[in-house]
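A quick write-up on the structure given underneath.
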Amino acid sequence: MDTAHHMLLFGCKLPATNDNYWACGNRYGTCLDEAKIMYAWARNAPPTRLPAGVGFRVGGNSGINYIVLQVHYGDIHAFRGKNNSSHKYHFSHRENPLIAGIYLLMSENTVIPPGAKVVNGDIACPYEEAVIHPFAFRTHTHQLGQVVSGYRIRDGQWTQIGRQSPQLPQAFYPVEKPMDIKYGDTIAARCVFTGKGRTTVTQIGGTSQDEMCNLYIMYYMDAQYAKPYMFCTKDGSPKLFKHIPPEANIPIPVSPDMAMHGHHPEAADKSVALQQPKREEEVVLDQASHLEEVIDWPVEELQLGQVSGVALDSKDNLIIFHRGNHVWDENSFDRKHIYQPQGIGPIQQSTIFTVDPVNLKILNAVGRNIFYLPHGISTDKDDNFWVTDVALHQVFKLGSKGEYLLILGQAFQPGSDKDHFCQPTDVAVDPANGNFYVSDGYCNSRIIKYSPDGKFITQWGEESSLSRIPKPGQFFIPHSLVFVPGLRQLCVADRENGRIQCFVAESGEFLREIHHPEFGGRLFAISYTPGGRLYAVNGEALVGNSVPVQGFVMNFSTGEILDIFKPAKENFLMPHDIVAADDRTVYIGDVQASRLRKFIPSETTETFLEAEIEGKMKAPDVLEKHNRKNILKQASTAVSPVLITLLLVIPVVVLVGIGVFIHWRKGKMYGGTQYNSYCKYCINYLRGLNLGNFFASHRGYSRKGFDRLSTEGSDHEKDEEGTDSETEEYSAPPTTSSS
Ligand SMILES: *[C@@H]1O[C@H](CO)[C@@H](O)[C@H](O)[C@H]1NC(C)=O
């Protein structure tokens, strides 16, 4: 019987308690300081031994004065008070020529939207230490991880260190091709996740409902330069990861009996359980659906004021509507919505630029001496500009040379009748018949429909009450419009209600609302592309809990979120308008940052991907065979002494000398073989041996200043049921990190 499911070996200065063994999923963690992983064994995984001549440095000032073995039990039926799960070690006093260490790459910022097909966690750091030789690697995620891959990047060349499904036993696997990593290289890793089956957003964290994206690289290096633990937690740049080999995006098929994360019959949400790929075509995830920012886009050269509107013309050139030297602030309007600084006159610069979307060359510049506070911009099929000005309370149709074709509303006069607007926000034009729609606005709550020549046809909408859940057809700042041609719907970003409402364009009849928790309370702008994609951008909450400000791609027919995207660096401040091209390039105007951002789908080569999958199906077998061979190959000739050589004994057979008596806590008998139901015990193996004394240098530390790791603490609060949390693996990088 598979009593032990997996075991992790940690080194620490001080264990979590002074007991010989303890339940580490409960009150205690593993170590009082950071738990440094030294080894991992998992059921069904091939064995890994340290190459000859390689050992971990322990004792003395190594930072490892205790070794804690953590055993995760699978089936406890065979357990009658005794358990022999163990590892075997060799200790030596003599200095070892090669020191083993672990390089941990860990994402801290990955966010997985519910239902998202593919989300990548990318991590990369320059390597700035002495040469290391990776010989084994271990991947770690929770249930949503599909594949984790690690690379060395040297002179632009990506060389694989390791690639494995985190759903396979999370042991250390051998690095197939010996390599070194030296100063000037970059170490990079990608975790591919899927948000399918989740109904809420998943973030990095300690509980089983959270995710992790970790890659452990075990290496050896010359003892002279030894640096046993290194960390990298930097987000990899989209520019760098554009060149990641496509294999990194292909999940590795896992047969259910090999799966690390078993079924969760007790889990409330069954859909959370690992989704096995059934057919090959499901295996190829749609990597191209993730949007990444174009970071070398020379947008600074444009000298824009507050960017309030973006649109595209019929050639997909980008149109920008900005406020030049005017800003909208608390002095702009009085309580009756009358624009105050009229005296300064209109913006003298061009407010409407048409630019080449690649090099941002200005193709056309109009809109001088007209506008006071530009807001929305849209185009029609003849490339006229439809704009609103919230100071003027007017809506304009301008020709491509900036000539007036239509002006609606009375300048500077707010109102809510047929001849007045109150800070109108946006226009959408029906390409079939030229009818157009105006969202009106900050101080009205209506949509008005006009004939092509500007005759009022109808209007709908009413103000939503602040204290009640908004009803269909109520608005709290209708802020952005899209016309969906095929379905003849008009959709409205109902900004302060944080939702999108869609209506029958002809009649204004309410059809549905699209709302996701990820929007938070405010949704600023929307855009629609043929092919059924709806794009949106949200805004920072004014009160209460904030959600990240991000862009969203949704399936228009289902409303499902397909992708969430954000700038590569920095954050959005107040993304105010969004427009998407048919090729899925997305532009966002940030009114507060006074800048534009451009996002494009990450690249992919699907045919190549499919060929790769077949070759990789057998990966686990291949690995097993390679295993011993490689390790022998890498072993350095000197079988000379090691400080500690961990003879990592594989199956749970053995055990030398140390019988561990586990006291099973009553009431924790979940029974069965479910992965999520075993109790986790940490065994302070070396208590009897007391490494600190053994190496006679226990004196250097004090108990002060050792904080329990935050994620462990938080886990206990969130995850009392003792589910598969694995918090122990989330170690905060120490200050000496190389990241
Ligand atoms: C949207 O969902 C429908 C129904 O599942 C599907 O047929 C369609 O292909 C999806 N569209 C996009 C753009 O993902």
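Starting from 1 in every chain, residues are counted up; chains themselves are A, B, ... following the order of the structure tokens, and ligands are numbered from 1 as listed.
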Wanna dump the chain A-ligand 1 contacts at 12 Å for me, each residue with its shortest atom pair and the distance in Å to one decimal, counting only C-alpha atoms and all ligand atoms, ordered by chain and number, as CSV?
```
residue,atom,partner,partner_atom_place_in_ligand_line,distance
A:Gly115,CA,ligand 1,14 (O),11.4
A:Ala116,CA,ligand 1,14 (O),10.6
A:Lys117,CA,ligand 1,14 (O),9.9
A:Asp286,CA,ligand 1,14 (O),10.1
A:Ala288,CA,ligand 1,14 (O),11.9
A:Ser289,CA,ligand 1,14 (O),9.3
A:Tyr528,CA,ligand 1,13 (C),10.9
A:Thr529,CA,ligand 1,13 (C),9.4
A:Pro530,CA,ligand 1,13 (C),9.0
A:Gly531,CA,ligand 1,13 (C),5.8
A:Gly532,CA,ligand 1,13 (C),5.0
A:Arg533,CA,ligand 1,13 (C),5.3
A:Leu534,CA,ligand 1,13 (C),8.6
A:Tyr535,CA,ligand 1,13 (C),11.1
A:Val553,CA,ligand 1,13 (C),9.2
A:Met554,CA,ligand 1,14 (O),7.6
A:Asn555,CA,ligand 1,1 (C),4.7
A:Phe556,CA,ligand 1,1 (C),6.6
A:Ser557,CA,ligand 1,1 (C),5.5
A:Thr558,CA,ligand 1,2 (O),5.4
A:Gly559,CA,ligand 1,1 (C),8.0
A:Glu560,CA,ligand 1,1 (C),7.7
A:Ile561,CA,ligand 1,14 (O),9.2
A:Leu562,CA,ligand 1,14 (O),7.1
A:Asp563,CA,ligand 1,14 (O),10.3
A:Asp582,CA,ligand 1,13 (C),11.6
A:Arg584,CA,ligand 1,13 (C),10.9
```
For segment 122-131 of chain A: contacts at 8 Å, only C-alpha atoms, fewer than 3 positions along chain excluded, given as a PDB file with N, CA and C atoms, in the first residue's frame:
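Now in part.pdb:
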```pdb
ATOM      1  N   LEU A 105      12.794  29.183  -8.755  1.00  0.00           N
ATOM      2  CA  LEU A 105      12.071  30.209  -9.512  1.00  0.00           C
ATOM      3  C   LEU A 105      10.628  30.140  -9.071  1.00  0.00           C
ATOM      4  N   MET A 106      10.072  31.283  -8.734  1.00  0.00           N
ATOM      5  CA  MET A 106       8.755  31.277  -8.129  1.00  0.00           C
ATOM      6  C   MET A 106       7.992  32.517  -8.570  1.00  0.00           C
ATOM      7  N   SER A 107       6.798  32.305  -9.077  1.00  0.00           N
ATOM      8  CA  SER A 107       5.980  33.456  -9.461  1.00  0.00           C
ATOM      9  C   SER A 107       5.181  33.921  -8.255  1.00  0.00           C
ATOM     10  N   ASP A 180      25.767  23.839 -18.132  1.00  0.00           N
ATOM     11  CA  ASP A 180      26.148  24.707 -17.034  1.00  0.00           C
ATOM     12  C   ASP A 180      25.394  26.020 -17.171  1.00  0.00           C
ATOM     13  N   ILE A 181      25.351  26.769 -16.109  1.00  0.00           N
ATOM     14  CA  ILE A 181      24.767  28.109 -16.139  1.00  0.00           C
ATOM     15  C   ILE A 181      25.820  29.033 -15.553  1.00  0.00           C
ATOM     16  N   LYS A 182      26.165  30.062 -16.308  1.00  0.00           N
ATOM     17  CA  LYS A 182      27.248  30.921 -15.839  1.00  0.00           C
ATOM     18  C   LYS A 182      26.820  32.379 -15.820  1.00  0.00           C
ATOM     19  N   TYR A 183      27.663  33.193 -15.257  1.00  0.00           N
ATOM     20  CA  TYR A 183      27.435  34.630 -15.172  1.00  0.00           C
ATOM     21  C   TYR A 183      27.029  35.185 -16.541  1.00  0.00           C
ATOM     22  N   GLY A 184      25.984  35.955 -16.590  1.00  0.00           N
ATOM     23  CA  GLY A 184      25.559  36.535 -17.863  1.00  0.00           C
ATOM     24  C   GLY A 184      24.413  35.778 -18.516  1.00  0.00           C
ATOM     25  N   ASP A 185      24.182  34.530 -18.095  1.00  0.00           N
ATOM     26  CA  ASP A 185      23.021  33.799 -18.600  1.00  0.00           C
ATOM     27  C   ASP A 185      21.760  34.328 -17.914  1.00  0.00           C
ATOM     28  N   THR A 186      20.635  33.936 -18.457  1.00  0.00           N
ATOM     29  CA  THR A 186      19.362  34.222 -17.793  1.00  0.00           C
ATOM     30  C   THR A 186      18.695  32.891 -17.489  1.00  0.00           C
ATOM     31  N   ILE A 187      18.107  32.793 -16.317  1.00  0.00           N
ATOM     32  CA  ILE A 187      17.348  31.588 -15.983  1.00  0.00           C
ATOM     33  C   ILE A 187      15.866  31.963 -16.028  1.00  0.00           C
ATOM     34  N   ALA A 188      15.099  31.156 -16.752  1.00  0.00           N
ATOM     35  CA  ALA A 188      13.698  31.513 -16.972  1.00  0.00           C
ATOM     36  C   ALA A 188      12.812  30.290 -16.794  1.00  0.00           C
ATOM     37  N   ALA A 189      11.596  30.530 -16.380  1.00  0.00           N
ATOM     38  CA  ALA A 189      10.637  29.429 -16.260  1.00  0.00           C
ATOM     39  C   ALA A 189       9.238  29.920 -16.599  1.00  0.00           C
ATOM     40  N   ARG A 190       8.460  29.028 -17.144  1.00  0.00           N
ATOM     41  CA  ARG A 190       7.042  29.320 -17.414  1.00  0.00           C
ATOM     42  C   ARG A 190       6.181  28.217 -16.825  1.00  0.00           C
ATOM     43  N   CYS A 191       5.148  28.620 -16.087  1.00  0.00           N
ATOM     44  CA  CYS A 191       4.111  27.682 -15.652  1.00  0.00           C
ATOM     45  C   CYS A 191       2.879  27.988 -16.496  1.00  0.00           C
ATOM     46  N   MET A 221      27.974  22.931  -7.537  1.00  0.00           N
ATOM     47  CA  MET A 221      28.958  23.935  -7.929  1.00  0.00           C
ATOM     48  C   MET A 221      30.206  23.740  -7.089  1.00  0.00           C
ATOM     49  N   ASP A 222      31.267  24.305  -7.553  1.00  0.00           N
ATOM     50  CA  ASP A 222      32.529  24.238  -6.844  1.00  0.00           C
ATOM     51  C   ASP A 222      32.357  24.734  -5.412  1.00  0.00           C
ATOM     52  N   TYR A 225      33.029  28.401  -4.272  1.00  0.00           N
ATOM     53  CA  TYR A 225      32.115  29.511  -4.539  1.00  0.00           C
ATOM     54  C   TYR A 225      30.700  29.212  -4.069  1.00  0.00           C
ATOM     55  N   CYS A 232      14.640  33.356  -7.571  1.00  0.00           N
ATOM     56  CA  CYS A 232      14.254  34.295  -8.616  1.00  0.00           C
ATOM     57  C   CYS A 232      12.744  34.434  -8.565  1.00  0.00           C
ATOM     58  N   THR A 233      12.269  35.649  -8.338  1.00  0.00           N
ATOM     59  CA  THR A 233      10.821  35.841  -8.288  1.00  0.00           C
ATOM     60  C   THR A 233      10.372  36.951  -9.222  1.00  0.00           C
ATOM     61  N   LYS A 234      11.272  37.365 -10.110  1.00  0.00           N
ATOM     62  CA  LYS A 234      10.894  38.452 -11.015  1.00  0.00           C
ATOM     63  C   LYS A 234       9.973  37.965 -12.125  1.00  0.00           C
ATOM     64  N   ASP A 235       8.975  38.726 -12.429  1.00  0.00           N
ATOM     65  CA  ASP A 235       8.116  38.403 -13.570  1.00  0.00           C
ATOM     66  C   ASP A 235       8.948  38.526 -14.839  1.00  0.00           C
ATOM     67  N   GLY A 236       8.828  37.555 -15.703  1.00  0.00           N
ATOM     68  CA  GLY A 236       9.547  37.616 -16.971  1.00  0.00           C
ATOM     69  C   GLY A 236       8.878  38.617 -17.900  1.00  0.00           C
ATOM     70  N   SER A 237       9.655  39.305 -18.709  1.00  0.00           N
ATOM     71  CA  SER A 237       9.050  40.291 -19.598  1.00  0.00           C
ATOM     72  C   SER A 237       8.458  39.601 -20.825  1.00  0.00           C
ATOM     73  N   PHE A 241       9.849  36.523 -23.261  1.00  0.00           N
ATOM     74  CA  PHE A 241       9.128  35.271 -23.364  1.00  0.00           C
ATOM     75  C   PHE A 241       8.478  35.036 -24.720  1.00  0.00           C
ATOM     76  N   SER A 738      19.309  36.238  -5.176  1.00  0.00           N
ATOM     77  CA  SER A 738      19.955  36.785  -6.370  1.00  0.00           C
ATOM     78  C   SER A 738      18.942  37.407  -7.309  1.00  0.00           C
ATOM     79  N   SER A 739      17.700  37.509  -6.873  1.00  0.00           N
ATOM     80  CA  SER A 739      16.685  37.954  -7.815  1.00  0.00           C
ATOM     81  C   SER A 739      16.782  39.391  -8.135  1.00  0.00           C
TER      82      SER A 739
END
```
Nearest residue to Met218 of chain A from the set A:Val390, A:Val71, A:Ile204, A:Ala40 (distances using only C-alpha atoms)
A:Ala40
Going by DSSP on the backbone, which residues of segment 337-514 of chain A come out as helix (DSSP H, G or I)? List them as a VMD selection string.
chain A and resid 341 to 344 495 to 497
If I take atom CA of Thr159 of chain A and atom CA of Ala223 of chain A, how far is one from the other in Å, to one decimal?
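Atom CA of Ala223 of chain A lies at a distance of 25.2 Å from atom CA of Thr159 of chain A.
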Skip Val119 of chain A itself and residues of its chain fewer than 6 positions away, then list as a list of chain:residue names all residues within 10 Å of it, counting only C-alpha atoms.
A:Thr110, A:Val111, A:Ile112, A:Pro113, A:Leu144, A:Gly145, A:Gln146, A:Arg190, A:Cys191, A:Val192, A:Phe193, A:Thr194, A:Gly195, A:Asn249, A:Leu285, A:Asp286, A:Gln287, A:Ser289, A:His290, A:Leu562, A:Asp563, A:Ile564, A:Phe565
Resulting file, chosen residues, N, CA, C and O atoms, as a PDB file, in the first residue's frame:
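Contents of result35.pdb, freshly written:
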```pdb
ATOM      1  N   THR A 110       1.152  35.705 -10.475  1.00  0.00           N
ATOM      2  CA  THR A 110       0.261  35.124 -11.466  1.00  0.00           C
ATOM      3  C   THR A 110      -1.189  35.162 -10.973  1.00  0.00           C
ATOM      4  O   THR A 110      -1.459  34.837  -9.826  1.00  0.00           O
ATOM      5  N   VAL A 111      -2.081  35.577 -11.857  1.00  0.00           N
ATOM      6  CA  VAL A 111      -3.506  35.625 -11.538  1.00  0.00           C
ATOM      7  C   VAL A 111      -4.240  34.834 -12.612  1.00  0.00           C
ATOM      8  O   VAL A 111      -4.044  35.066 -13.796  1.00  0.00           O
ATOM      9  N   ILE A 112      -5.058  33.894 -12.192  1.00  0.00           N
ATOM     10  CA  ILE A 112      -5.746  33.037 -13.149  1.00  0.00           C
ATOM     11  C   ILE A 112      -7.234  33.341 -13.108  1.00  0.00           C
ATOM     12  O   ILE A 112      -7.912  33.031 -12.129  1.00  0.00           O
ATOM     13  N   PRO A 113      -7.750  33.950 -14.168  1.00  0.00           N
ATOM     14  CA  PRO A 113      -9.174  34.259 -14.189  1.00  0.00           C
ATOM     15  C   PRO A 113      -9.983  32.976 -14.288  1.00  0.00           C
ATOM     16  O   PRO A 113      -9.512  32.010 -14.894  1.00  0.00           O
ATOM     17  N   LEU A 144      -4.250  23.521 -11.024  1.00  0.00           N
ATOM     18  CA  LEU A 144      -4.467  24.191 -12.310  1.00  0.00           C
ATOM     19  C   LEU A 144      -3.231  24.174 -13.208  1.00  0.00           C
ATOM     20  O   LEU A 144      -3.295  24.548 -14.366  1.00  0.00           O
ATOM     21  N   GLY A 145      -2.089  23.738 -12.665  1.00  0.00           N
ATOM     22  CA  GLY A 145      -0.851  23.737 -13.448  1.00  0.00           C
ATOM     23  C   GLY A 145      -0.898  22.667 -14.529  1.00  0.00           C
ATOM     24  O   GLY A 145      -1.293  21.535 -14.276  1.00  0.00           O
ATOM     25  N   GLN A 146      -0.510  23.026 -15.732  1.00  0.00           N
ATOM     26  CA  GLN A 146      -0.520  22.093 -16.858  1.00  0.00           C
ATOM     27  C   GLN A 146       0.878  21.615 -17.217  1.00  0.00           C
ATOM     28  O   GLN A 146       1.076  20.466 -17.562  1.00  0.00           O
ATOM     29  N   ARG A 190       8.460  29.028 -17.144  1.00  0.00           N
ATOM     30  CA  ARG A 190       7.042  29.320 -17.414  1.00  0.00           C
ATOM     31  C   ARG A 190       6.181  28.217 -16.825  1.00  0.00           C
ATOM     32  O   ARG A 190       6.437  27.040 -17.043  1.00  0.00           O
ATOM     33  N   CYS A 191       5.148  28.620 -16.087  1.00  0.00           N
ATOM     34  CA  CYS A 191       4.111  27.682 -15.652  1.00  0.00           C
ATOM     35  C   CYS A 191       2.879  27.988 -16.496  1.00  0.00           C
ATOM     36  O   CYS A 191       2.468  29.141 -16.581  1.00  0.00           O
ATOM     37  N   VAL A 192       2.309  26.970 -17.096  1.00  0.00           N
ATOM     38  CA  VAL A 192       1.074  27.171 -17.847  1.00  0.00           C
ATOM     39  C   VAL A 192      -0.088  26.671 -16.993  1.00  0.00           C
ATOM     40  O   VAL A 192      -0.073  25.532 -16.532  1.00  0.00           O
ATOM     41  N   PHE A 193      -1.048  27.549 -16.791  1.00  0.00           N
ATOM     42  CA  PHE A 193      -2.228  27.191 -16.005  1.00  0.00           C
ATOM     43  C   PHE A 193      -3.478  27.258 -16.861  1.00  0.00           C
ATOM     44  O   PHE A 193      -3.500  27.935 -17.890  1.00  0.00           O
ATOM     45  N   THR A 194      -4.521  26.610 -16.377  1.00  0.00           N
ATOM     46  CA  THR A 194      -5.824  26.843 -16.975  1.00  0.00           C
ATOM     47  C   THR A 194      -6.796  27.203 -15.860  1.00  0.00           C
ATOM     48  O   THR A 194      -6.715  26.650 -14.760  1.00  0.00           O
ATOM     49  N   GLY A 195      -7.663  28.143 -16.146  1.00  0.00           N
ATOM     50  CA  GLY A 195      -8.658  28.524 -15.145  1.00  0.00           C
ATOM     51  C   GLY A 195      -9.977  27.797 -15.372  1.00  0.00           C
ATOM     52  O   GLY A 195     -10.984  28.100 -14.749  1.00  0.00           O
ATOM     53  N   ASN A 249       4.528  25.473 -23.923  1.00  0.00           N
ATOM     54  CA  ASN A 249       3.090  25.729 -23.868  1.00  0.00           C
ATOM     55  C   ASN A 249       2.258  24.458 -23.990  1.00  0.00           C
ATOM     56  O   ASN A 249       1.040  24.509 -23.988  1.00  0.00           O
ATOM     57  N   LEU A 285      -3.323  24.129 -25.998  1.00  0.00           N
ATOM     58  CA  LEU A 285      -4.041  25.276 -25.469  1.00  0.00           C
ATOM     59  C   LEU A 285      -3.890  26.444 -26.417  1.00  0.00           C
ATOM     60  O   LEU A 285      -2.899  26.569 -27.115  1.00  0.00           O
ATOM     61  N   ASP A 286      -4.855  27.289 -26.369  1.00  0.00           N
ATOM     62  CA  ASP A 286      -4.848  28.422 -27.286  1.00  0.00           C
ATOM     63  C   ASP A 286      -3.973  29.527 -26.714  1.00  0.00           C
ATOM     64  O   ASP A 286      -4.451  30.513 -26.196  1.00  0.00           O
ATOM     65  N   GLN A 287      -2.685  29.307 -26.823  1.00  0.00           N
ATOM     66  CA  GLN A 287      -1.742  30.278 -26.282  1.00  0.00           C
ATOM     67  C   GLN A 287      -1.933  31.658 -26.893  1.00  0.00           C
ATOM     68  O   GLN A 287      -1.666  32.663 -26.272  1.00  0.00           O
ATOM     69  N   SER A 289      -4.269  33.309 -27.315  1.00  0.00           N
ATOM     70  CA  SER A 289      -5.333  34.150 -26.788  1.00  0.00           C
ATOM     71  C   SER A 289      -4.828  35.103 -25.707  1.00  0.00           C
ATOM     72  O   SER A 289      -5.562  35.952 -25.271  1.00  0.00           O
ATOM     73  N   HIS A 290      -3.600  34.936 -25.246  1.00  0.00           N
ATOM     74  CA  HIS A 290      -3.159  35.839 -24.183  1.00  0.00           C
ATOM     75  C   HIS A 290      -2.537  37.108 -24.755  1.00  0.00           C
ATOM     76  O   HIS A 290      -1.656  37.064 -25.590  1.00  0.00           O
ATOM     77  N   LEU A 562     -12.102  35.154 -21.403  1.00  0.00           N
ATOM     78  CA  LEU A 562     -11.118  34.336 -22.104  1.00  0.00           C
ATOM     79  C   LEU A 562      -9.703  34.702 -21.697  1.00  0.00           C
ATOM     80  O   LEU A 562      -8.799  33.880 -21.727  1.00  0.00           O
ATOM     81  N   ASP A 563      -9.510  35.939 -21.335  1.00  0.00           N
ATOM     82  CA  ASP A 563      -8.157  36.389 -21.014  1.00  0.00           C
ATOM     83  C   ASP A 563      -8.254  37.653 -20.162  1.00  0.00           C
ATOM     84  O   ASP A 563      -9.216  38.411 -20.280  1.00  0.00           O
ATOM     85  N   ILE A 564      -7.264  37.823 -19.317  1.00  0.00           N
ATOM     86  CA  ILE A 564      -7.115  39.067 -18.562  1.00  0.00           C
ATOM     87  C   ILE A 564      -5.707  39.565 -18.826  1.00  0.00           C
ATOM     88  O   ILE A 564      -4.766  38.773 -18.832  1.00  0.00           O
ATOM     89  N   PHE A 565      -5.571  40.827 -19.072  1.00  0.00           N
ATOM     90  CA  PHE A 565      -4.237  41.329 -19.398  1.00  0.00           C
ATOM     91  C   PHE A 565      -3.989  42.660 -18.717  1.00  0.00           C
ATOM     92  O   PHE A 565      -4.911  43.362 -18.314  1.00  0.00           O
TER      93      PHE A 565
END
```
Measuring between only C-alpha atoms, which one of A:Ala16, A:Ile319, A:Ile252, A:Ile161 shows the shortest distance to Glu176 of chain A?
A:Ile161
